[in-house]
Amino acid sequence: MKVSIIMCAYNVSQFIERAVESVLAQTWTDWELIICDDRSTDNTIALIQPYLSDPRVTLYQQDQNIGYLRNKNFAFTLATGELLTQLDADDTCSPQRLERQVAVFEKHPDINLCGSNYCQIDLNDQPLAAKKYEKDFVVDHPVEEYPFWFPGLMFRRELVGEFGLFSEYFSGIFGDDHYWVLRVNSKYPVYFIKDILYHYRINPDSITNVLDSNRKLIVTEILNKLRQQQLHEKTDWLEQGDENKMRSYEDELLSNKTLMATKYRTWAAKAIDKNNFTQAKALLRKSLALNAVSPETYKTFLYYIRQSVFK
């Protein structure tokens, strides 16, 4: 079974070689790697060029920057494999990853999606955290927290015809792959491999770690709302094409002072951990302006003082 691996690239010169090398090291050799660059301004393209000598590796360059989500959806239209998956350009995976996932599809013709356990890695590829599981299992309905990292999910290409690609409602934020899985998982089970096959890098410059939109603060609430709708109604506002209701729900969340104060505080703590004290200070100010009596915010402010003064 041929596997199409989608890799979206944008200014990832620090990591792209490690990502591609982890694909070349796969024990399953029937694959194609489709790298779709969204007009990188660093030397990402130059680093990719040597790998194009392998006919399984192809590179497409967008004429202009179109954003991560549109770039990803376009890349999937280029796939020719029976099985589709992703590898983010700043991540890596185990050499056995493809082989282990393909084996699930060969053994279980009724399975349409397969994910695996994963670990977080730092900028130098050192493992940070991972959960342990006793055995493989099946996730048979949408859940709030999936045990796999979404780019590591492999699925049969027929699902694209049935469910489409990733909703552009999530452009500029994240959660598009999580939402896609919620919809598919409402109908089909997801097979989970207990072993760590995917390595998710904690990259301070990734889309999930850069706070450039208040909408990113409420992604969890958005996904929970859509999950509840899928569980109880087998459909949701976005699937019905009623984006106005979703936007109204967003406005409701963004106007909730208590909620937003908590969100600003949480992201401030993340900024402190990354030594981004300028951003942390600004976020703490916003949190206190919305909820001046929160003990947790003052604890985070003390954490900010300790870290910024003594580091």
# chains A, B, ... in the order shown; residues from 1 in each chain; ligands from 1
call {"tool": "residues_around", "arguments": {"residues": "Trp267 in chain A", "least_positions_apart": "2", "cutoff": "10 Å", "atoms": "only C-alpha atoms", "output": "list of chain:residue names"}}
result
A:Asn209, A:Val210, A:Leu211, A:Leu217, A:Thr262, A:Lys263, A:Tyr264, A:Arg265, A:Ala269, A:Lys270, A:Ala271, A:Ile272, A:Asp273, A:Gln279, A:Ala280, A:Leu283, A:Leu284
call {"tool": "write_last_selection", "arguments": {"atoms": "all heavy atoms", "output": "short mmCIF file (atom, residue, chain, number, x, y, z; two decimals), in the first residue's frame"}}
result
data_model
loop_
_atom_site.label_atom_id
_atom_site.label_comp_id
_atom_site.auth_asym_id
_atom_site.auth_seq_id
_atom_site.Cartn_x
_atom_site.Cartn_y
_atom_site.Cartn_z
N ASN A 209 2.02 27.92 19.18
CA ASN A 209 2.69 28.60 20.29
C ASN A 209 2.81 30.11 20.11
O ASN A 209 3.24 30.80 21.04
CB ASN A 209 4.10 28.01 20.48
CG ASN A 209 4.05 26.65 21.14
OD1 ASN A 209 3.32 26.44 22.10
ND2 ASN A 209 4.82 25.71 20.62
N VAL A 210 2.47 30.61 18.94
CA VAL A 210 2.55 32.06 18.70
C VAL A 210 1.15 32.65 18.87
O VAL A 210 0.21 32.28 18.16
CB VAL A 210 3.08 32.34 17.28
CG1 VAL A 210 3.05 33.84 16.99
CG2 VAL A 210 4.50 31.81 17.13
N LEU A 211 1.02 33.57 19.81
CA LEU A 211 -0.28 34.19 20.07
C LEU A 211 -0.42 35.44 19.21
O LEU A 211 -0.05 36.54 19.60
CB LEU A 211 -0.43 34.54 21.56
CG LEU A 211 -1.78 35.13 21.97
CD1 LEU A 211 -2.91 34.19 21.61
CD2 LEU A 211 -1.80 35.43 23.46
N LEU A 217 -7.02 31.76 21.71
CA LEU A 217 -7.27 31.57 23.13
C LEU A 217 -8.47 30.69 23.41
O LEU A 217 -8.57 30.10 24.49
CB LEU A 217 -7.48 32.93 23.80
CG LEU A 217 -6.31 33.91 23.80
CD1 LEU A 217 -6.75 35.28 24.27
CD2 LEU A 217 -5.17 33.39 24.67
N THR A 262 -8.62 34.23 32.43
CA THR A 262 -7.93 32.95 32.64
C THR A 262 -7.07 32.58 31.43
O THR A 262 -5.94 32.10 31.58
CB THR A 262 -8.96 31.83 32.90
OG1 THR A 262 -9.73 32.16 34.06
CG2 THR A 262 -8.27 30.49 33.10
N LYS A 263 -7.60 32.83 30.25
CA LYS A 263 -6.85 32.51 29.04
C LYS A 263 -5.59 33.35 28.93
O LYS A 263 -4.51 32.84 28.60
CB LYS A 263 -7.73 32.73 27.81
CG LYS A 263 -8.94 31.81 27.73
CD LYS A 263 -8.51 30.37 27.53
CE LYS A 263 -9.71 29.45 27.37
NZ LYS A 263 -9.31 28.04 27.14
N TYR A 264 -5.70 34.66 29.19
CA TYR A 264 -4.52 35.53 29.15
C TYR A 264 -3.48 35.08 30.17
O TYR A 264 -2.27 35.08 29.89
CB TYR A 264 -4.92 36.98 29.41
CG TYR A 264 -5.61 37.67 28.26
CD1 TYR A 264 -6.82 38.34 28.44
CD2 TYR A 264 -5.06 37.66 26.98
CE1 TYR A 264 -7.46 38.98 27.38
CE2 TYR A 264 -5.68 38.30 25.92
CZ TYR A 264 -6.89 38.96 26.13
OH TYR A 264 -7.52 39.59 25.09
N ARG A 265 -3.95 34.70 31.36
CA ARG A 265 -3.01 34.25 32.39
C ARG A 265 -2.29 32.98 31.96
O ARG A 265 -1.07 32.85 32.14
CB ARG A 265 -3.76 34.01 33.70
CG ARG A 265 -2.85 33.49 34.83
CD ARG A 265 -3.64 33.08 36.04
NE ARG A 265 -4.55 31.97 35.75
CZ ARG A 265 -4.15 30.70 35.65
NH1 ARG A 265 -2.86 30.39 35.78
NH2 ARG A 265 -5.02 29.75 35.41
N ALA A 269 1.77 32.48 31.33
CA ALA A 269 2.64 31.47 31.93
C ALA A 269 3.48 30.77 30.87
O ALA A 269 4.67 30.50 31.07
CB ALA A 269 1.79 30.46 32.70
N LYS A 270 2.88 30.49 29.70
CA LYS A 270 3.63 29.90 28.60
C LYS A 270 4.75 30.83 28.14
O LYS A 270 5.87 30.40 27.87
CB LYS A 270 2.70 29.61 27.41
CG LYS A 270 1.69 28.50 27.62
CD LYS A 270 0.89 28.33 26.33
CE LYS A 270 -0.18 27.26 26.46
NZ LYS A 270 -0.95 27.09 25.21
N ALA A 271 4.42 32.12 28.06
CA ALA A 271 5.42 33.11 27.63
C ALA A 271 6.58 33.18 28.61
O ALA A 271 7.74 33.32 28.22
CB ALA A 271 4.76 34.48 27.47
N ILE A 272 6.28 33.09 29.90
CA ILE A 272 7.33 33.10 30.92
C ILE A 272 8.24 31.89 30.75
O ILE A 272 9.47 32.00 30.81
CB ILE A 272 6.71 33.10 32.34
CG1 ILE A 272 5.93 34.39 32.57
CG2 ILE A 272 7.81 32.95 33.40
CD1 ILE A 272 5.05 34.37 33.81
N ASP A 273 7.63 30.73 30.51
CA ASP A 273 8.41 29.50 30.31
C ASP A 273 9.36 29.63 29.12
O ASP A 273 10.42 28.99 29.09
CB ASP A 273 7.48 28.31 30.12
CG ASP A 273 6.74 27.93 31.39
OD1 ASP A 273 7.21 28.30 32.48
OD2 ASP A 273 5.69 27.26 31.28
N GLN A 279 6.03 39.74 26.32
CA GLN A 279 4.67 39.26 26.04
C GLN A 279 3.96 38.86 27.33
O GLN A 279 2.77 39.16 27.53
CB GLN A 279 4.70 38.08 25.09
CG GLN A 279 3.30 37.59 24.70
CD GLN A 279 3.32 36.34 23.86
OE1 GLN A 279 3.80 35.30 24.29
NE2 GLN A 279 2.78 36.43 22.65
N ALA A 280 4.68 38.20 28.23
CA ALA A 280 4.07 37.76 29.48
C ALA A 280 3.53 38.94 30.28
O ALA A 280 2.43 38.89 30.82
CB ALA A 280 5.10 36.99 30.31
N LEU A 283 0.31 40.24 28.68
CA LEU A 283 -0.81 39.34 28.88
C LEU A 283 -1.30 39.38 30.33
O LEU A 283 -2.51 39.31 30.59
CB LEU A 283 -0.42 37.92 28.50
CG LEU A 283 -0.18 37.68 27.00
CD1 LEU A 283 0.41 36.30 26.77
CD2 LEU A 283 -1.48 37.83 26.22
N LEU A 284 -0.39 39.49 31.27
CA LEU A 284 -0.79 39.58 32.67
C LEU A 284 -1.57 40.87 32.94
O LEU A 284 -2.52 40.88 33.72
CB LEU A 284 0.44 39.50 33.58
CG LEU A 284 1.04 38.10 33.74
CD1 LEU A 284 2.39 38.17 34.44
CD2 LEU A 284 0.09 37.19 34.51
#
call {"tool": "residues_around", "arguments": {"residues": "Lys135 in chain A", "least_positions_apart": "4", "cutoff": "10 Å", "atoms": "only C-alpha atoms", "output": "MDAnalysis selection string"}}
result
chainID A and resid 192:195
call {"tool": "closest_residue", "arguments": {"among": "A:Asp110, A:Glu221, A:Glu158, A:Asp177", "to": "Glu82 in chain A", "atoms": "only C-alpha atoms"}}
result
A:Glu158
call {"tool": "select_by_dssp", "arguments": {"residues": "range 35-234 of chain A", "states": "strand (DSSP E)", "output": "PyMOL selection string"}}
result
chain A and resi 35-37+57-61+83-86+92-93+113-121+127-129+137-139+154-156+190-201
call {"tool": "write_last_selection", "arguments": {"atoms": "C-alpha atoms", "output": "mmCIF file, in the first residue's frame"}}
result
data_model
loop_
_atom_site.group_PDB
_atom_site.id
_atom_site.type_symbol
_atom_site.label_atom_id
_atom_site.label_comp_id
_atom_site.auth_asym_id
_atom_site.auth_seq_id
_atom_site.Cartn_x
_atom_site.Cartn_y
_atom_site.Cartn_z
ATOM 1 C CA ILE A 35 6.660 18.953 0.433
ATOM 2 C CA CYS A 36 4.589 22.063 -0.175
ATOM 3 C CA ASP A 37 6.418 25.312 0.572
ATOM 4 C CA VAL A 57 10.344 13.199 -2.840
ATOM 5 C CA THR A 58 8.621 16.082 -4.626
ATOM 6 C CA LEU A 59 8.560 19.800 -3.921
ATOM 7 C CA TYR A 60 5.844 22.297 -4.768
ATOM 8 C CA GLN A 61 6.334 26.033 -4.182
ATOM 9 C CA LEU A 83 -3.097 5.901 2.582
ATOM 10 C CA LEU A 84 -2.543 9.537 3.561
ATOM 11 C CA THR A 85 -0.714 11.095 6.479
ATOM 12 C CA GLN A 86 1.347 14.113 7.503
ATOM 13 C CA THR A 92 10.273 13.643 13.168
ATOM 14 C CA CYS A 93 9.073 10.067 13.441
ATOM 15 C CA LEU A 113 -7.884 5.713 10.593
ATOM 16 C CA CYS A 114 -4.814 4.820 12.622
ATOM 17 C CA GLY A 115 -2.899 6.977 15.083
ATOM 18 C CA SER A 116 -0.055 6.205 17.452
ATOM 19 C CA ASN A 117 1.391 7.298 20.730
ATOM 20 C CA TYR A 118 3.808 10.225 20.521
ATOM 21 C CA CYS A 119 6.363 12.083 22.580
ATOM 22 C CA GLN A 120 7.297 15.718 22.743
ATOM 23 C CA ILE A 121 10.859 16.647 21.828
ATOM 24 C CA PRO A 127 12.427 13.639 24.481
ATOM 25 C CA LEU A 128 10.366 15.695 26.939
ATOM 26 C CA ALA A 129 7.175 13.880 27.850
ATOM 27 C CA PHE A 137 -7.086 0.134 21.549
ATOM 28 C CA VAL A 138 -9.844 1.674 19.474
ATOM 29 C CA VAL A 139 -11.400 5.123 20.001
ATOM 30 C CA MET A 154 -2.883 7.872 8.868
ATOM 31 C CA PHE A 155 -6.131 7.320 6.980
ATOM 32 C CA ARG A 156 -7.575 5.827 3.829
ATOM 33 C CA VAL A 190 -9.742 5.211 15.207
ATOM 34 C CA TYR A 191 -7.191 2.468 15.852
ATOM 35 C CA PHE A 192 -4.510 3.559 18.348
ATOM 36 C CA ILE A 193 -1.017 2.031 18.481
ATOM 37 C CA LYS A 194 0.360 2.222 22.012
ATOM 38 C CA ASP A 195 3.997 2.664 20.959
ATOM 39 C CA ILE A 196 5.640 6.039 20.329
ATOM 40 C CA LEU A 197 5.993 6.471 16.571
ATOM 41 C CA TYR A 198 5.693 10.260 16.216
ATOM 42 C CA HIS A 199 7.896 12.985 17.729
ATOM 43 C CA TYR A 200 6.196 16.356 18.188
ATOM 44 C CA ARG A 201 8.650 19.207 18.579
#
call {"tool": "residues_around", "arguments": {"residues": "Gly241 in chain A", "least_positions_apart": "5", "cutoff": "12 Å", "atoms": "only C-alpha atoms", "output": "ChimeraX atom specification"}}
result
/A:167-169,235-236,246-247
call {"tool": "select_by_dssp", "arguments": {"residues": "range 49-263 of chain A", "states": "helix (DSSP H, G or I)", "output": "MDAnalysis selection string"}}
result
chainID A and resid 49:53 68:77 97:107 150:152 158:163 168:170 176:185 214:233 243:254 257:263
call {"tool": "write_last_selection", "arguments": {"atoms": "C-alpha atoms", "output": "PDB file, in the first residue's frame"}}
result
ATOM      1  CA  GLN A  49      16.838  20.527  -3.077  1.00  0.00           C
ATOM      2  CA  PRO A  50      19.371  17.701  -2.460  1.00  0.00           C
ATOM      3  CA  TYR A  51      16.581  15.332  -1.402  1.00  0.00           C
ATOM      4  CA  LEU A  52      14.797  15.701  -4.725  1.00  0.00           C
ATOM      5  CA  SER A  53      17.261  13.218  -6.231  1.00  0.00           C
ATOM      6  CA  TYR A  68      -0.753  27.067   6.534  1.00  0.00           C
ATOM      7  CA  LEU A  69      -4.266  25.662   6.189  1.00  0.00           C
ATOM      8  CA  ARG A  70      -4.794  26.457   2.518  1.00  0.00           C
ATOM      9  CA  ASN A  71      -1.287  25.223   1.759  1.00  0.00           C
ATOM     10  CA  LYS A  72      -2.010  21.951   3.543  1.00  0.00           C
ATOM     11  CA  ASN A  73      -5.321  21.404   1.793  1.00  0.00           C
ATOM     12  CA  PHE A  74      -3.651  22.036  -1.557  1.00  0.00           C
ATOM     13  CA  ALA A  75      -0.872  19.576  -0.750  1.00  0.00           C
ATOM     14  CA  PHE A  76      -3.392  16.823  -0.052  1.00  0.00           C
ATOM     15  CA  THR A  77      -4.842  17.248  -3.542  1.00  0.00           C
ATOM     16  CA  ARG A  97       6.181   4.452  11.899  1.00  0.00           C
ATOM     17  CA  LEU A  98       4.828   3.836   8.387  1.00  0.00           C
ATOM     18  CA  GLU A  99       5.347   0.085   8.547  1.00  0.00           C
ATOM     19  CA  ARG A 100       3.484  -0.222  11.844  1.00  0.00           C
ATOM     20  CA  GLN A 101       0.559   1.893  10.696  1.00  0.00           C
ATOM     21  CA  VAL A 102       0.254   0.217   7.291  1.00  0.00           C
ATOM     22  CA  ALA A 103       0.164  -3.156   9.059  1.00  0.00           C
ATOM     23  CA  VAL A 104      -2.970  -2.075  10.921  1.00  0.00           C
ATOM     24  CA  PHE A 105      -4.787  -1.320   7.669  1.00  0.00           C
ATOM     25  CA  GLU A 106      -3.649  -4.602   6.115  1.00  0.00           C
ATOM     26  CA  LYS A 107      -4.789  -6.600   9.142  1.00  0.00           C
ATOM     27  CA  PHE A 150      -3.046  14.669  14.742  1.00  0.00           C
ATOM     28  CA  PRO A 151      -0.398  15.006  11.990  1.00  0.00           C
ATOM     29  CA  GLY A 152       0.663  11.460  12.865  1.00  0.00           C
ATOM     30  CA  GLU A 158     -11.584   7.514   0.599  1.00  0.00           C
ATOM     31  CA  LEU A 159     -12.263   9.567   3.711  1.00  0.00           C
ATOM     32  CA  VAL A 160     -11.314  12.735   1.840  1.00  0.00           C
ATOM     33  CA  GLY A 161     -14.052  12.021  -0.666  1.00  0.00           C
ATOM     34  CA  GLU A 162     -16.548  11.447   2.129  1.00  0.00           C
ATOM     35  CA  PHE A 163     -15.601  14.217   4.567  1.00  0.00           C
ATOM     36  CA  GLU A 168     -10.827  26.866   6.504  1.00  0.00           C
ATOM     37  CA  TYR A 169     -12.887  28.179   9.391  1.00  0.00           C
ATOM     38  CA  PHE A 170      -9.733  27.443  11.398  1.00  0.00           C
ATOM     39  CA  ASP A 176      -8.546  22.050  11.962  1.00  0.00           C
ATOM     40  CA  ASP A 177      -7.159  18.508  12.125  1.00  0.00           C
ATOM     41  CA  HIS A 178      -8.776  17.909  15.532  1.00  0.00           C
ATOM     42  CA  TYR A 179     -12.140  19.017  14.138  1.00  0.00           C
ATOM     43  CA  TRP A 180     -11.708  16.796  11.068  1.00  0.00           C
ATOM     44  CA  VAL A 181     -11.089  13.805  13.331  1.00  0.00           C
ATOM     45  CA  LEU A 182     -14.162  14.645  15.436  1.00  0.00           C
ATOM     46  CA  ARG A 183     -16.334  14.452  12.337  1.00  0.00           C
ATOM     47  CA  VAL A 184     -14.814  11.238  11.008  1.00  0.00           C
ATOM     48  CA  ASN A 185     -14.740   9.626  14.459  1.00  0.00           C
ATOM     49  CA  ASN A 214      -7.389  36.155  20.310  1.00  0.00           C
ATOM     50  CA  ARG A 215      -9.249  33.344  18.560  1.00  0.00           C
ATOM     51  CA  LYS A 216      -6.359  31.038  19.493  1.00  0.00           C
ATOM     52  CA  LEU A 217      -7.267  31.574  23.135  1.00  0.00           C
ATOM     53  CA  ILE A 218     -10.640  29.890  22.713  1.00  0.00           C
ATOM     54  CA  VAL A 219      -9.809  26.977  20.398  1.00  0.00           C
ATOM     55  CA  THR A 220     -10.464  24.459  23.188  1.00  0.00           C
ATOM     56  CA  GLU A 221     -13.956  25.845  23.774  1.00  0.00           C
ATOM     57  CA  ILE A 222     -14.697  25.911  20.040  1.00  0.00           C
ATOM     58  CA  LEU A 223     -13.685  22.272  19.633  1.00  0.00           C
ATOM     59  CA  ASN A 224     -15.637  21.197  22.718  1.00  0.00           C
ATOM     60  CA  LYS A 225     -18.769  22.850  21.354  1.00  0.00           C
ATOM     61  CA  LEU A 226     -18.386  21.089  18.012  1.00  0.00           C
ATOM     62  CA  ARG A 227     -17.642  17.776  19.734  1.00  0.00           C
ATOM     63  CA  GLN A 228     -20.805  18.013  21.823  1.00  0.00           C
ATOM     64  CA  GLN A 229     -22.832  18.708  18.708  1.00  0.00           C
ATOM     65  CA  GLN A 230     -21.311  15.710  16.933  1.00  0.00           C
ATOM     66  CA  LEU A 231     -21.980  13.453  19.928  1.00  0.00           C
ATOM     67  CA  HIS A 232     -25.611  14.481  20.368  1.00  0.00           C
ATOM     68  CA  GLU A 233     -26.685  15.455  16.854  1.00  0.00           C
ATOM     69  CA  GLU A 243     -20.651  29.657  10.241  1.00  0.00           C
ATOM     70  CA  ASN A 244     -22.623  32.634  11.603  1.00  0.00           C
ATOM     71  CA  LYS A 245     -23.702  30.604  14.627  1.00  0.00           C
ATOM     72  CA  MET A 246     -20.117  29.581  15.217  1.00  0.00           C
ATOM     73  CA  ARG A 247     -18.933  33.191  14.997  1.00  0.00           C
ATOM     74  CA  SER A 248     -21.665  34.281  17.417  1.00  0.00           C
ATOM     75  CA  TYR A 249     -20.500  31.620  19.852  1.00  0.00           C
ATOM     76  CA  GLU A 250     -16.943  32.920  19.485  1.00  0.00           C
ATOM     77  CA  ASP A 251     -18.096  36.474  20.256  1.00  0.00           C
ATOM     78  CA  GLU A 252     -19.845  35.160  23.350  1.00  0.00           C
ATOM     79  CA  LEU A 253     -16.643  33.510  24.541  1.00  0.00           C
ATOM     80  CA  LEU A 254     -14.452  36.518  23.767  1.00  0.00           C
ATOM     81  CA  LYS A 257     -14.278  38.504  31.094  1.00  0.00           C
ATOM     82  CA  THR A 258     -13.655  35.704  33.567  1.00  0.00           C
ATOM     83  CA  LEU A 259     -12.843  33.222  30.824  1.00  0.00           C
ATOM     84  CA  MET A 260     -10.589  35.602  28.926  1.00  0.00           C
ATOM     85  CA  ALA A 261      -8.746  36.612  32.090  1.00  0.00           C
ATOM     86  CA  THR A 262      -7.934  32.946  32.639  1.00  0.00           C
ATOM     87  CA  LYS A 263      -6.854  32.507  29.041  1.00  0.00           C
TER      88      LYS A 263
END
call {"tool": "decode", "arguments": {"residues": "range 209-224 of chain A", "atoms": "N, CA, C and O atoms", "output": "compact mmCIF listing (two decimals), in the first residue's frame"}}
result
# COMPACT_ATOMS: atom_id res chain seq x y z
N ASN A 209 2.02 27.92 19.18
CA ASN A 209 2.69 28.60 20.29
C ASN A 209 2.81 30.11 20.11
O ASN A 209 3.24 30.80 21.04
N VAL A 210 2.47 30.61 18.94
CA VAL A 210 2.55 32.06 18.70
C VAL A 210 1.15 32.65 18.87
O VAL A 210 0.21 32.28 18.16
N LEU A 211 1.02 33.57 19.81
CA LEU A 211 -0.28 34.19 20.07
C LEU A 211 -0.42 35.44 19.21
O LEU A 211 -0.05 36.54 19.60
N ASP A 212 -0.99 35.26 18.02
CA ASP A 212 -1.18 36.37 17.11
C ASP A 212 -2.66 36.61 16.81
O ASP A 212 -3.00 37.37 15.91
N SER A 213 -3.53 35.94 17.55
CA SER A 213 -4.98 36.12 17.38
C SER A 213 -5.67 35.71 18.66
O SER A 213 -5.37 34.64 19.23
N ASN A 214 -6.62 36.52 19.12
CA ASN A 214 -7.39 36.15 20.31
C ASN A 214 -8.21 34.89 20.09
O ASN A 214 -8.58 34.21 21.05
N ARG A 215 -8.50 34.57 18.85
CA ARG A 215 -9.25 33.34 18.56
C ARG A 215 -8.48 32.11 19.02
O ARG A 215 -9.09 31.08 19.36
N LYS A 216 -7.15 32.18 19.03
CA LYS A 216 -6.36 31.04 19.49
C LYS A 216 -6.61 30.74 20.98
O LYS A 216 -6.44 29.60 21.41
N LEU A 217 -7.02 31.76 21.71
CA LEU A 217 -7.27 31.57 23.13
C LEU A 217 -8.47 30.69 23.41
O LEU A 217 -8.57 30.10 24.49
N ILE A 218 -9.38 30.60 22.46
CA ILE A 218 -10.64 29.89 22.71
C ILE A 218 -10.80 28.65 21.83
O ILE A 218 -11.92 28.14 21.68
N VAL A 219 -9.73 28.15 21.26
CA VAL A 219 -9.81 26.98 20.40
C VAL A 219 -10.39 25.78 21.16
O VAL A 219 -11.21 25.02 20.63
N THR A 220 -9.96 25.59 22.40
CA THR A 220 -10.46 24.46 23.19
C THR A 220 -11.97 24.51 23.33
O THR A 220 -12.67 23.50 23.15
N GLU A 221 -12.51 25.69 23.62
CA GLU A 221 -13.96 25.84 23.77
C GLU A 221 -14.69 25.62 22.45
O GLU A 221 -15.76 25.02 22.41
N ILE A 222 -14.10 26.11 21.36
CA ILE A 222 -14.70 25.91 20.04
C ILE A 222 -14.80 24.42 19.72
O ILE A 222 -15.85 23.92 19.30
N LEU A 223 -13.70 23.70 19.94
CA LEU A 223 -13.69 22.27 19.63
C LEU A 223 -14.64 21.50 20.54
O LEU A 223 -15.30 20.55 20.09
N ASN A 224 -14.72 21.88 21.81
CA ASN A 224 -15.64 21.20 22.72
C ASN A 224 -17.09 21.39 22.29
O ASN A 224 -17.90 20.47 22.39
